[in-house]
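Colleague: Structure: target_16.csv, CSV, C-alpha atoms (C1' of nucleotides).
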```
chain,number,residue,atom,x,y,z
E,1,MET,CA,6.6,-23.5,-50.8
E,2,ASP,CA,7.0,-27.2,-50.2
E,3,THR,CA,4.8,-30.0,-51.6
E,4,GLU,CA,3.0,-30.7,-48.4
E,5,GLU,CA,2.0,-27.1,-47.8
E,6,ARG,CA,0.7,-27.0,-51.4
E,7,LEU,CA,-1.4,-30.1,-50.6
E,8,ASN,CA,-2.8,-28.4,-47.5
E,9,ARG,CA,-3.7,-25.3,-49.3
E,10,ALA,CA,-5.2,-27.2,-52.3
E,11,PHE,CA,-7.6,-29.2,-50.1
E,12,VAL,CA,-8.6,-26.2,-48.1
E,13,ALA,CA,-9.1,-24.2,-51.2
E,14,LEU,CA,-11.6,-26.7,-52.5
E,15,GLY,CA,-13.5,-26.5,-49.3
E,16,ASP,CA,-15.1,-23.2,-50.3
E,17,PRO,CA,-18.1,-23.3,-52.6
E,18,VAL,CA,-17.1,-20.0,-54.3
E,19,ARG,CA,-13.7,-21.5,-55.1
E,20,ARG,CA,-15.2,-24.8,-56.3
E,21,ALA,CA,-17.5,-22.8,-58.6
E,22,ILE,CA,-14.5,-21.0,-60.0
E,23,ILE,CA,-12.8,-24.3,-60.7
E,24,ALA,CA,-15.9,-25.6,-62.4
E,25,ARG,CA,-16.0,-22.5,-64.6
E,26,LEU,CA,-12.3,-22.8,-65.5
E,27,SER,CA,-12.7,-26.4,-66.5
E,28,ARG,CA,-14.6,-25.0,-69.6
E,29,GLY,CA,-11.7,-22.6,-70.4
E,30,PRO,CA,-9.7,-19.7,-69.1
E,31,ALA,CA,-11.4,-16.6,-67.8
E,32,THR,CA,-10.6,-13.1,-66.5
E,33,VAL,CA,-11.2,-12.0,-62.9
E,34,ASN,CA,-14.2,-10.0,-64.0
E,35,GLU,CA,-15.7,-12.9,-65.8
E,36,LEU,CA,-15.2,-15.2,-62.8
E,37,ALA,CA,-16.7,-12.6,-60.4
E,38,GLU,CA,-19.9,-12.1,-62.5
E,39,PRO,CA,-22.0,-15.0,-61.0
E,40,PHE,CA,-21.3,-14.0,-57.4
E,41,ASP,CA,-22.8,-11.4,-55.0
E,42,ILE,CA,-19.5,-10.5,-53.5
E,43,THR,CA,-17.1,-7.7,-54.5
E,44,LEU,CA,-14.5,-8.1,-57.2
E,45,GLN,CA,-11.8,-7.8,-54.5
E,46,ALA,CA,-13.2,-10.8,-52.7
E,47,VAL,CA,-13.1,-12.9,-55.9
E,48,SER,CA,-9.6,-11.7,-56.6
E,49,LYS,CA,-8.6,-13.0,-53.1
E,50,HIS,CA,-10.2,-16.3,-53.8
E,51,ILE,CA,-8.2,-16.6,-57.0
E,52,GLN,CA,-5.0,-15.8,-55.1
E,53,VAL,CA,-5.9,-18.7,-52.7
E,54,LEU,CA,-6.3,-21.0,-55.7
E,55,GLU,CA,-3.0,-19.8,-57.2
E,56,GLN,CA,-1.1,-20.4,-53.9
E,57,ALA,CA,-2.6,-23.9,-53.8
E,58,GLY,CA,-1.2,-24.6,-57.3
E,59,LEU,CA,-4.7,-25.1,-58.7
E,60,VAL,CA,-4.6,-22.2,-61.2
E,61,THR,CA,-2.1,-20.1,-63.0
E,62,ARG,CA,-2.4,-16.6,-64.5
E,63,THR,CA,-1.1,-15.1,-67.7
E,64,ARG,CA,-1.2,-11.6,-69.0
E,65,ASP,CA,-3.4,-10.2,-71.8
E,66,ALA,CA,-3.2,-6.3,-71.8
E,67,GLN,CA,-4.8,-5.2,-68.5
E,68,ARG,CA,-6.5,-8.5,-68.1
E,69,ARG,CA,-5.1,-11.4,-66.1
E,70,PRO,CA,-6.7,-14.6,-67.5
E,71,VAL,CA,-6.8,-17.5,-65.0
E,72,HIS,CA,-6.1,-21.1,-66.2
E,73,LEU,CA,-6.9,-24.3,-64.4
E,74,GLU,CA,-4.0,-26.6,-63.5
E,75,PRO,CA,-5.2,-30.2,-63.9
E,76,ALA,CA,-1.9,-31.6,-62.6
E,77,GLN,CA,-2.6,-30.3,-59.1
E,78,LEU,CA,-6.1,-31.7,-59.2
E,79,GLU,CA,-4.6,-35.0,-60.1
E,80,ARG,CA,-2.3,-34.9,-57.1
E,81,LEU,CA,-5.3,-34.5,-54.8
E,82,THR,CA,-7.1,-37.5,-56.3
E,83,ALA,CA,-3.8,-39.5,-56.1
E,84,TRP,CA,-3.6,-38.8,-52.4
E,85,ILE,CA,-7.2,-39.7,-51.7
E,86,ASP,CA,-7.1,-42.9,-53.9
E,87,ARG,CA,-4.0,-44.1,-52.3
E,88,TYR,CA,-5.7,-44.5,-48.9
E,89,ARG,CA,-9.1,-45.4,-50.2
E,90,LEU,CA,-7.8,-48.2,-52.3
E,91,GLU,CA,-5.5,-49.4,-49.5
E,92,MET,CA,-8.6,-49.7,-47.2
E,93,GLU,CA,-10.7,-51.5,-49.8
E,94,ARG,CA,-7.8,-53.9,-50.5
E,95,ARG,CA,-7.6,-54.6,-46.8
E,96,TYR,CA,-11.3,-55.2,-46.5
E,97,ARG,CA,-11.3,-57.6,-49.4
E,98,SER,CA,-8.5,-59.7,-48.0
E,99,LEU,CA,-10.2,-59.8,-44.6
E,100,ASP,CA,-13.4,-61.0,-46.2
E,101,ALA,CA,-11.5,-63.7,-48.0
E,102,LEU,CA,-10.0,-64.8,-44.7
E,103,LEU,CA,-13.3,-64.9,-42.9
E,104,ALA,CA,-14.9,-66.8,-45.8
E,105,SER,CA,-12.3,-69.5,-45.5
E,106,ALA,CA,-13.1,-69.9,-41.7
E,107,PRO,CA,-16.6,-71.4,-41.9
E,108,ASP,CA,-17.2,-71.4,-38.1
E,109,ALA,CA,-17.3,-67.6,-38.0
E,110,PRO,CA,-19.8,-66.1,-40.4
E,111,HIS,CA,-19.6,-62.4,-41.2
E,112,ASP,CA,-21.4,-59.5,-42.9
E,113,SER,CA,-18.4,-58.0,-44.8
E,114,LYS,CA,-17.5,-55.8,-41.8
E,115,GLU,CA,-14.8,-57.1,-39.4
E,116,LYS,CA,-15.6,-55.4,-36.1
E,117,GLU,CA,-18.2,-57.8,-35.0
E,118,SER,CA,-18.0,-61.6,-35.6
J,1,MET,CA,-26.4,-31.4,-42.9
J,2,ASP,CA,-26.7,-31.1,-46.6
J,3,THR,CA,-24.5,-32.7,-49.2
J,4,GLU,CA,-22.7,-29.5,-50.2
J,5,GLU,CA,-21.8,-28.6,-46.6
J,6,ARG,CA,-20.4,-32.1,-46.2
J,7,LEU,CA,-18.3,-31.6,-49.3
J,8,ASN,CA,-17.0,-28.3,-47.9
J,9,ARG,CA,-16.1,-29.8,-44.6
J,10,ALA,CA,-14.5,-32.9,-46.2
J,11,PHE,CA,-12.2,-30.9,-48.4
J,12,VAL,CA,-11.2,-28.5,-45.5
J,13,ALA,CA,-10.7,-31.5,-43.2
J,14,LEU,CA,-8.1,-33.0,-45.6
J,15,GLY,CA,-6.3,-29.7,-45.7
J,16,ASP,CA,-4.8,-30.4,-42.3
J,17,PRO,CA,-1.7,-32.7,-42.1
J,18,VAL,CA,-2.7,-34.1,-38.7
J,19,ARG,CA,-6.1,-35.1,-40.1
J,20,ARG,CA,-4.5,-36.5,-43.3
J,21,ALA,CA,-2.2,-38.6,-41.1
J,22,ILE,CA,-5.2,-39.9,-39.2
J,23,ILE,CA,-6.9,-40.9,-42.5
J,24,ALA,CA,-3.7,-42.6,-43.6
J,25,ARG,CA,-3.6,-44.6,-40.3
J,26,LEU,CA,-7.3,-45.5,-40.5
J,27,SER,CA,-6.8,-46.9,-44.0
J,28,ARG,CA,-4.9,-49.8,-42.3
J,29,GLY,CA,-7.8,-50.5,-39.9
J,30,PRO,CA,-10.0,-48.9,-37.2
J,31,ALA,CA,-8.3,-47.3,-34.2
J,32,THR,CA,-9.2,-45.7,-30.9
J,33,VAL,CA,-8.6,-42.0,-30.0
J,34,ASN,CA,-5.7,-42.9,-27.9
J,35,GLU,CA,-4.1,-44.9,-30.6
J,36,LEU,CA,-4.6,-42.2,-33.1
J,37,ALA,CA,-3.2,-39.5,-30.8
J,38,GLU,CA,0.0,-41.5,-30.0
J,39,PRO,CA,2.2,-40.2,-32.9
J,40,PHE,CA,1.4,-36.6,-32.3
J,41,ASP,CA,2.9,-34.0,-30.0
J,42,ILE,CA,-0.5,-32.4,-29.2
J,43,THR,CA,-3.0,-33.2,-26.4
J,44,LEU,CA,-5.5,-36.0,-26.6
J,45,GLN,CA,-8.3,-33.3,-26.6
J,46,ALA,CA,-6.8,-31.7,-29.7
J,47,VAL,CA,-6.8,-35.1,-31.5
J,48,SER,CA,-10.4,-35.7,-30.3
J,49,LYS,CA,-11.4,-32.4,-31.9
J,50,HIS,CA,-9.7,-33.4,-35.2
J,51,ILE,CA,-11.7,-36.6,-35.2
J,52,GLN,CA,-14.9,-34.7,-34.7
J,53,VAL,CA,-14.0,-32.6,-37.7
J,54,LEU,CA,-13.5,-35.7,-39.8
J,55,GLU,CA,-16.7,-37.2,-38.5
J,56,GLN,CA,-18.7,-34.0,-39.4
J,57,ALA,CA,-17.2,-34.2,-42.8
J,58,GLY,CA,-18.5,-37.7,-43.2
J,59,LEU,CA,-15.0,-39.1,-43.6
J,60,VAL,CA,-15.1,-41.3,-40.5
J,61,THR,CA,-17.6,-43.0,-38.2
J,62,ARG,CA,-17.4,-44.2,-34.7
J,63,THR,CA,-18.6,-47.3,-32.9
J,64,ARG,CA,-18.6,-48.3,-29.3
J,65,ASP,CA,-16.4,-50.9,-27.6
J,66,ALA,CA,-16.6,-50.6,-23.8
J,67,GLN,CA,-15.1,-47.2,-22.9
J,68,ARG,CA,-13.3,-47.1,-26.2
J,69,ARG,CA,-14.7,-45.3,-29.3
J,70,PRO,CA,-13.1,-46.9,-32.3
J,71,VAL,CA,-12.9,-44.7,-35.4
J,72,HIS,CA,-13.5,-46.2,-38.9
J,73,LEU,CA,-12.7,-44.7,-42.3
J,74,GLU,CA,-15.6,-44.1,-44.7
J,75,PRO,CA,-14.3,-44.8,-48.2
J,76,ALA,CA,-17.6,-43.7,-49.7
J,77,GLN,CA,-17.0,-40.1,-48.7
J,78,LEU,CA,-13.4,-40.2,-50.0
J,79,GLU,CA,-14.8,-41.4,-53.3
J,80,ARG,CA,-17.2,-38.4,-53.5
J,81,LEU,CA,-14.2,-36.1,-53.3
J,82,THR,CA,-12.4,-37.8,-56.1
J,83,ALA,CA,-15.6,-37.8,-58.1
J,84,TRP,CA,-16.0,-34.1,-57.7
J,85,ILE,CA,-12.3,-33.4,-58.7
J,86,ASP,CA,-12.3,-35.9,-61.6
J,87,ARG,CA,-15.5,-34.4,-63.1
J,88,TYR,CA,-13.8,-31.1,-63.7
J,89,ARG,CA,-10.3,-32.3,-64.4
J,90,LEU,CA,-11.6,-34.7,-67.1
J,91,GLU,CA,-13.9,-32.1,-68.5
J,92,MET,CA,-10.9,-29.8,-69.0
J,93,GLU,CA,-8.7,-32.5,-70.5
J,94,ARG,CA,-11.5,-33.5,-72.9
J,95,ARG,CA,-11.8,-29.8,-73.9
J,96,TYR,CA,-8.1,-29.5,-74.5
J,97,ARG,CA,-8.0,-32.7,-76.6
J,98,SER,CA,-10.8,-31.5,-78.9
J,99,LEU,CA,-9.2,-28.1,-79.2
J,100,ASP,CA,-5.9,-29.6,-80.3
J,101,ALA,CA,-7.7,-31.7,-82.9
J,102,LEU,CA,-9.4,-28.6,-84.2
J,103,LEU,CA,-6.2,-26.7,-84.5
J,104,ALA,CA,-4.4,-29.6,-86.1
J,105,SER,CA,-7.1,-29.6,-88.8
J,106,ALA,CA,-6.6,-25.9,-89.6
J,107,PRO,CA,-3.0,-25.9,-91.0
J,108,ASP,CA,-2.8,-22.1,-91.4
J,109,ALA,CA,-2.7,-21.6,-87.6
J,110,PRO,CA,0.0,-23.6,-86.0
J,111,HIS,CA,-0.2,-24.2,-82.2
J,112,ASP,CA,1.7,-25.5,-79.2
J,113,SER,CA,-1.1,-27.4,-77.5
J,114,LYS,CA,-2.4,-24.3,-75.6
J,115,GLU,CA,-5.2,-22.2,-77.1
J,116,LYS,CA,-4.8,-18.7,-75.7
J,117,GLU,CA,-2.3,-17.5,-78.3
J,118,SER,CA,-2.5,-18.2,-82.1
T,1,DT,C1',-18.2,-48.3,-3.5
T,2,DC,C1',-14.1,-46.3,-5.2
T,3,DA,C1',-10.4,-46.0,-8.5
T,4,DT,C1',-8.9,-46.3,-13.3
T,5,DT,C1',-9.2,-45.9,-18.1
T,6,DG,C1',-10.9,-43.7,-22.3
T,7,DA,C1',-12.8,-39.9,-24.1
T,8,DT,C1',-15.5,-35.5,-24.2
T,9,DC,C1',-17.1,-30.8,-22.7
T,10,DA,C1',-16.3,-25.9,-21.5
T,11,DA,C1',-13.8,-21.8,-21.5
T,12,DC,C1',-10.2,-19.3,-23.2
T,13,DT,C1',-6.1,-17.5,-26.3
T,14,DG,C1',-3.8,-16.3,-30.5
T,15,DA,C1',-3.9,-16.9,-35.3
T,16,DT,C1',-6.0,-17.2,-39.7
T,17,DC,C1',-10.0,-16.3,-43.0
T,18,DT,C1',-13.7,-13.9,-45.5
T,19,DG,C1',-15.6,-10.1,-46.5
T,20,DT,C1',-15.8,-5.0,-46.7
T,21,DT,C1',-14.3,0.0,-48.3
T,22,DG,C1',-11.1,3.1,-50.2
T,23,DA,C1',-6.9,3.9,-52.5
T,24,DA,C1',-3.4,2.6,-55.9
T,25,DT,C1',-1.4,0.6,-60.1
T,26,DA,C1',-1.0,-0.9,-64.9
T,27,DA,C1',-2.3,-1.0,-69.7
T,28,DG,C1',-5.1,0.8,-73.3
T,29,DA,C1',-8.3,4.0,-75.6
T,30,DT,C1',-9.4,9.1,-76.9
K,1,DA,C1',-2.2,14.1,-71.2
K,2,DT,C1',-6.4,12.2,-69.6
K,3,DC,C1',-10.0,8.8,-69.0
K,4,DT,C1',-11.4,4.2,-68.6
K,5,DT,C1',-10.9,-0.6,-67.7
K,6,DA,C1',-9.0,-4.5,-65.1
K,7,DT,C1',-7.0,-5.7,-61.2
K,8,DT,C1',-4.6,-5.5,-56.9
K,9,DC,C1',-3.1,-3.5,-52.3
K,10,DA,C1',-4.0,-1.9,-47.5
K,11,DA,C1',-6.5,-1.7,-43.5
K,12,DC,C1',-10.1,-3.1,-41.0
K,13,DA,C1',-14.2,-6.0,-38.6
K,14,DG,C1',-16.3,-10.3,-37.5
K,15,DA,C1',-16.1,-15.3,-37.6
K,16,DT,C1',-13.9,-19.5,-37.3
K,17,DC,C1',-10.0,-22.6,-36.0
K,18,DA,C1',-6.3,-25.1,-33.5
K,19,DG,C1',-4.5,-25.5,-29.5
K,20,DT,C1',-4.3,-25.3,-24.4
K,21,DT,C1',-5.9,-26.4,-19.3
K,22,DG,C1',-9.2,-28.0,-16.1
K,23,DA,C1',-13.4,-30.3,-15.2
K,24,DT,C1',-16.8,-34.0,-16.3
K,25,DC,C1',-18.8,-38.3,-17.9
K,26,DA,C1',-19.1,-43.3,-19.1
K,27,DA,C1',-17.7,-47.9,-18.6
K,28,DT,C1',-14.9,-51.3,-16.3
K,29,DG,C1',-12.3,-53.5,-12.6
K,30,DA,C1',-10.8,-54.1,-7.7
```
Output the file's structure in the form of structure tokens.

Modeller:
Amino acid sequence: MDTEERLNRAFVALGDPVRRAIIARLSRGPATVNELAEPFDITLQAVSKHIQVLEQAGLVTRTRDAQRRPVHLEPAQLERLTAWIDRYRLEMERRYRSLDALLASAPDAPHDSKEKES
Amino acid sequence: MDTEERLNRAFVALGDPVRRAIIARLSRGPATVNELAEPFDITLQAVSKHIQVLEQAGLVTRTRDAQRRPVHLEPAQLERLTAWIDRYRLEMERRYRSLDALLASAPDAPHDSKEKES
DNA sequence: TCATTGATCAACTGATCTGTTGAATAAGAT
DNA sequence: ATCTTATTCAACAGATCAGTTGATCAATGA
């Protein structure tokens, strides 16, 4: 599976509240499928599928401990998501700052830190 | 629409490559629907729907300029996403660091910077 | 007024997603 | 061997999604 497909799946995976709750739980340490399923009113099978979605997204990995399959969070993939977002958020903020500076240096056109009007 | 539903929609919205490309484009400044549609091999209507998805997610807003509807990126919502992710990523990394320190102070149980085994 | 430009709405199709139930597998425990 | 625990697989129903085409609306220009 290529990097972009991983990114697609990772963002979509975080769009579900059950999966976000699983991520939140795993940030405090690995857990088995049963442990992860406990807070939810859905079947164990449904939770197992959510975990598979997170795994395909590269957000978690699984190990083996007897008949248990402990799930571990993968912070590296979380970091790739913030890296993607920050790249464009910071680009935009940079652009706004330089535009503000430009407008500030042209005293005949006042502005309110947006550029559309003026 | 409540905050959690917004978060759901925003993450899902970023899971689509067309919508991510739209976000990337908007980081360089506002654009009309036609301008945003230009790079893609899908109909204008399809792009219009993608923009509506981004709008419902709080990731973009729209203004009015004659018959055009310029689309603007909303960096505040992008920041909410990174805030959510970082909260749990940093929590996990913090936990790992303190666990490593604990293991390092107990010389009878060597470790390899994971805690599951040992 | 009529035509043009920019964008949206409505209805439909095929694909994907979340959940279910019931059966199967895998590893221990008795 | 058998039983129990932990988990997954398979098949299905209902909902949602991305895309299409065709019609409509809103603002401007001739």

Colleague: What does the distance between C1' of DG28 (chain T) and CA of Asp41 (chain E) come to in Å, to one decimal place?

Modeller: 28.2 Å

Colleague: Can you pull out every residue within 12 Å of Met1 (chain E), counting all atoms listed in the file, but drop anything in the same chain fewer than 5 positions away, and send it as a PDB file with C-alpha atoms, in the frame of the given file?

Modeller:
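Written file, selection.pdb:
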```
ATOM      1  CA  ARG E   6       0.700 -27.000 -51.400  1.00  0.00           C
ATOM      2  CA  LEU E   7      -1.400 -30.100 -50.600  1.00  0.00           C
ATOM      3  CA  ASN E   8      -2.800 -28.400 -47.500  1.00  0.00           C
ATOM      4  CA  ARG E   9      -3.700 -25.300 -49.300  1.00  0.00           C
ATOM      5  CA  GLN E  56      -1.100 -20.400 -53.900  1.00  0.00           C
ATOM      6  CA  ALA E  57      -2.600 -23.900 -53.800  1.00  0.00           C
ATOM      7  CA  GLY E  58      -1.200 -24.600 -57.300  1.00  0.00           C
TER       8      GLY E  58
END
```

Colleague: DC12 (chain T): which residues within 12 Å, counting only C-alpha atoms (C1' of nucleotides), same-chain residues fewer than 6 positions away excluded, as an MDAnalysis selection string?

Modeller: chainID K and resid 19:22

Colleague: Kindly assemble as a tab-separated table a list of the chain E residues that lie within 12 Å of chain K, each paired with its nearest atom pair and their distance in Å to one decimal, using all atoms listed in the file, sorted first by chain and then by ascending residue number.

Modeller:
```
residue	atom	partner	partner_atom	distance
E:Thr32	CA	K:DA6	C1'	8.9
E:Val33	CA	K:DT7	C1'	7.8
E:Asn34	CA	K:DA6	C1'	7.6
E:Glu35	CA	K:DA6	C1'	10.8
E:Ala37	CA	K:DT7	C1'	11.9
E:Leu44	CA	K:DT7	C1'	8.8
E:Gln45	CA	K:DT8	C1'	7.9
E:Ala46	CA	K:DT8	C1'	10.9
E:Val47	CA	K:DT7	C1'	10.8
E:Ser48	CA	K:DT8	C1'	8.0
E:Lys49	CA	K:DT8	C1'	9.3
E:Ile51	CA	K:DT8	C1'	11.7
E:Gln52	CA	K:DT8	C1'	10.5
E:Arg64	CA	K:DA6	C1'	11.2
E:Asp65	CA	K:DA6	C1'	10.4
E:Ala66	CA	K:DA6	C1'	9.0
E:Gln67	CA	K:DA6	C1'	5.4
E:Arg68	CA	K:DA6	C1'	5.6
E:Arg69	CA	K:DT7	C1'	7.8
E:Pro70	CA	K:DA6	C1'	10.6
```

Colleague: Find the distance between CA of Val60 (chain E) and CA of Glu74 (chain E) and write it in Å to one decimal.

Modeller: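 Value for the CA of Val60 (chain E)-CA of Glu74 (chain E) distance: 5.0 Å.
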
Colleague: Could region 59-76 of chain J be completed with N, CA, C and O atoms and returned as a PDB file, in the coordinates of the input?

Modeller:
```pdb
ATOM      1  N   LEU J  59     -16.150 -38.323 -43.181  1.00  0.00           N
ATOM      2  CA  LEU J  59     -15.000 -39.100 -43.600  1.00  0.00           C
ATOM      3  C   LEU J  59     -14.729 -40.297 -42.669  1.00  0.00           C
ATOM      4  O   LEU J  59     -14.062 -41.253 -43.069  1.00  0.00           O
ATOM      5  N   VAL J  60     -15.220 -40.215 -41.429  1.00  0.00           N
ATOM      6  CA  VAL J  60     -15.100 -41.300 -40.500  1.00  0.00           C
ATOM      7  C   VAL J  60     -16.366 -41.519 -39.720  1.00  0.00           C
ATOM      8  O   VAL J  60     -17.196 -40.612 -39.644  1.00  0.00           O
ATOM      9  N   THR J  61     -16.532 -42.708 -39.144  1.00  0.00           N
ATOM     10  CA  THR J  61     -17.600 -43.000 -38.200  1.00  0.00           C
ATOM     11  C   THR J  61     -17.045 -43.584 -36.972  1.00  0.00           C
ATOM     12  O   THR J  61     -15.890 -44.004 -36.955  1.00  0.00           O
ATOM     13  N   ARG J  62     -17.857 -43.646 -35.895  1.00  0.00           N
ATOM     14  CA  ARG J  62     -17.400 -44.200 -34.700  1.00  0.00           C
ATOM     15  C   ARG J  62     -18.323 -45.243 -34.153  1.00  0.00           C
ATOM     16  O   ARG J  62     -19.533 -45.116 -34.278  1.00  0.00           O
ATOM     17  N   THR J  63     -17.746 -46.270 -33.549  1.00  0.00           N
ATOM     18  CA  THR J  63     -18.600 -47.300 -32.900  1.00  0.00           C
ATOM     19  C   THR J  63     -18.264 -47.250 -31.415  1.00  0.00           C
ATOM     20  O   THR J  63     -17.555 -46.362 -30.940  1.00  0.00           O
ATOM     21  N   ARG J  64     -18.790 -48.234 -30.695  1.00  0.00           N
ATOM     22  CA  ARG J  64     -18.600 -48.300 -29.300  1.00  0.00           C
ATOM     23  C   ARG J  64     -17.997 -49.638 -28.891  1.00  0.00           C
ATOM     24  O   ARG J  64     -18.487 -50.667 -29.359  1.00  0.00           O
ATOM     25  N   ASP J  65     -16.935 -49.660 -28.064  1.00  0.00           N
ATOM     26  CA  ASP J  65     -16.400 -50.900 -27.600  1.00  0.00           C
ATOM     27  C   ASP J  65     -15.932 -50.658 -26.155  1.00  0.00           C
ATOM     28  O   ASP J  65     -14.834 -50.168 -25.912  1.00  0.00           O
ATOM     29  N   ALA J  66     -16.832 -50.969 -25.181  1.00  0.00           N
ATOM     30  CA  ALA J  66     -16.600 -50.600 -23.800  1.00  0.00           C
ATOM     31  C   ALA J  66     -16.383 -49.138 -23.657  1.00  0.00           C
ATOM     32  O   ALA J  66     -17.146 -48.375 -24.248  1.00  0.00           O
ATOM     33  N   GLN J  67     -15.344 -48.695 -22.984  1.00  0.00           N
ATOM     34  CA  GLN J  67     -15.100 -47.200 -22.900  1.00  0.00           C
ATOM     35  C   GLN J  67     -14.378 -46.670 -24.097  1.00  0.00           C
ATOM     36  O   GLN J  67     -14.180 -45.468 -24.170  1.00  0.00           O
ATOM     37  N   ARG J  68     -14.019 -47.531 -25.019  1.00  0.00           N
ATOM     38  CA  ARG J  68     -13.300 -47.100 -26.200  1.00  0.00           C
ATOM     39  C   ARG J  68     -14.301 -46.639 -27.306  1.00  0.00           C
ATOM     40  O   ARG J  68     -15.439 -47.099 -27.339  1.00  0.00           O
ATOM     41  N   ARG J  69     -13.881 -45.724 -28.183  1.00  0.00           N
ATOM     42  CA  ARG J  69     -14.700 -45.300 -29.300  1.00  0.00           C
ATOM     43  C   ARG J  69     -13.961 -45.454 -30.603  1.00  0.00           C
ATOM     44  O   ARG J  69     -13.419 -44.490 -31.156  1.00  0.00           O
ATOM     45  N   PRO J  70     -13.883 -46.684 -31.130  1.00  0.00           N
ATOM     46  CA  PRO J  70     -13.100 -46.900 -32.300  1.00  0.00           C
ATOM     47  C   PRO J  70     -13.553 -46.091 -33.517  1.00  0.00           C
ATOM     48  O   PRO J  70     -14.762 -45.918 -33.705  1.00  0.00           O
ATOM     49  N   VAL J  71     -12.595 -45.598 -34.259  1.00  0.00           N
ATOM     50  CA  VAL J  71     -12.900 -44.700 -35.400  1.00  0.00           C
ATOM     51  C   VAL J  71     -12.636 -45.553 -36.684  1.00  0.00           C
ATOM     52  O   VAL J  71     -11.641 -46.262 -36.790  1.00  0.00           O
ATOM     53  N   HIS J  72     -13.579 -45.424 -37.636  1.00  0.00           N
ATOM     54  CA  HIS J  72     -13.500 -46.200 -38.900  1.00  0.00           C
ATOM     55  C   HIS J  72     -13.493 -45.214 -40.068  1.00  0.00           C
ATOM     56  O   HIS J  72     -14.281 -44.263 -40.086  1.00  0.00           O
ATOM     57  N   LEU J  73     -12.692 -45.503 -41.054  1.00  0.00           N
ATOM     58  CA  LEU J  73     -12.700 -44.700 -42.300  1.00  0.00           C
ATOM     59  C   LEU J  73     -13.936 -44.967 -43.095  1.00  0.00           C
ATOM     60  O   LEU J  73     -14.446 -46.085 -43.116  1.00  0.00           O
ATOM     61  N   GLU J  74     -14.434 -43.946 -43.789  1.00  0.00           N
ATOM     62  CA  GLU J  74     -15.600 -44.100 -44.700  1.00  0.00           C
ATOM     63  C   GLU J  74     -15.172 -43.881 -46.123  1.00  0.00           C
ATOM     64  O   GLU J  74     -15.196 -42.756 -46.637  1.00  0.00           O
ATOM     65  N   PRO J  75     -14.835 -44.949 -46.820  1.00  0.00           N
ATOM     66  CA  PRO J  75     -14.300 -44.800 -48.200  1.00  0.00           C
ATOM     67  C   PRO J  75     -15.324 -44.128 -49.143  1.00  0.00           C
ATOM     68  O   PRO J  75     -14.919 -43.474 -50.107  1.00  0.00           O
ATOM     69  N   ALA J  76     -16.620 -44.255 -48.847  1.00  0.00           N
ATOM     70  CA  ALA J  76     -17.600 -43.700 -49.700  1.00  0.00           C
ATOM     71  C   ALA J  76     -17.464 -42.144 -49.840  1.00  0.00           C
ATOM     72  O   ALA J  76     -17.599 -41.548 -50.916  1.00  0.00           O
TER      73      ALA J  76
END
```
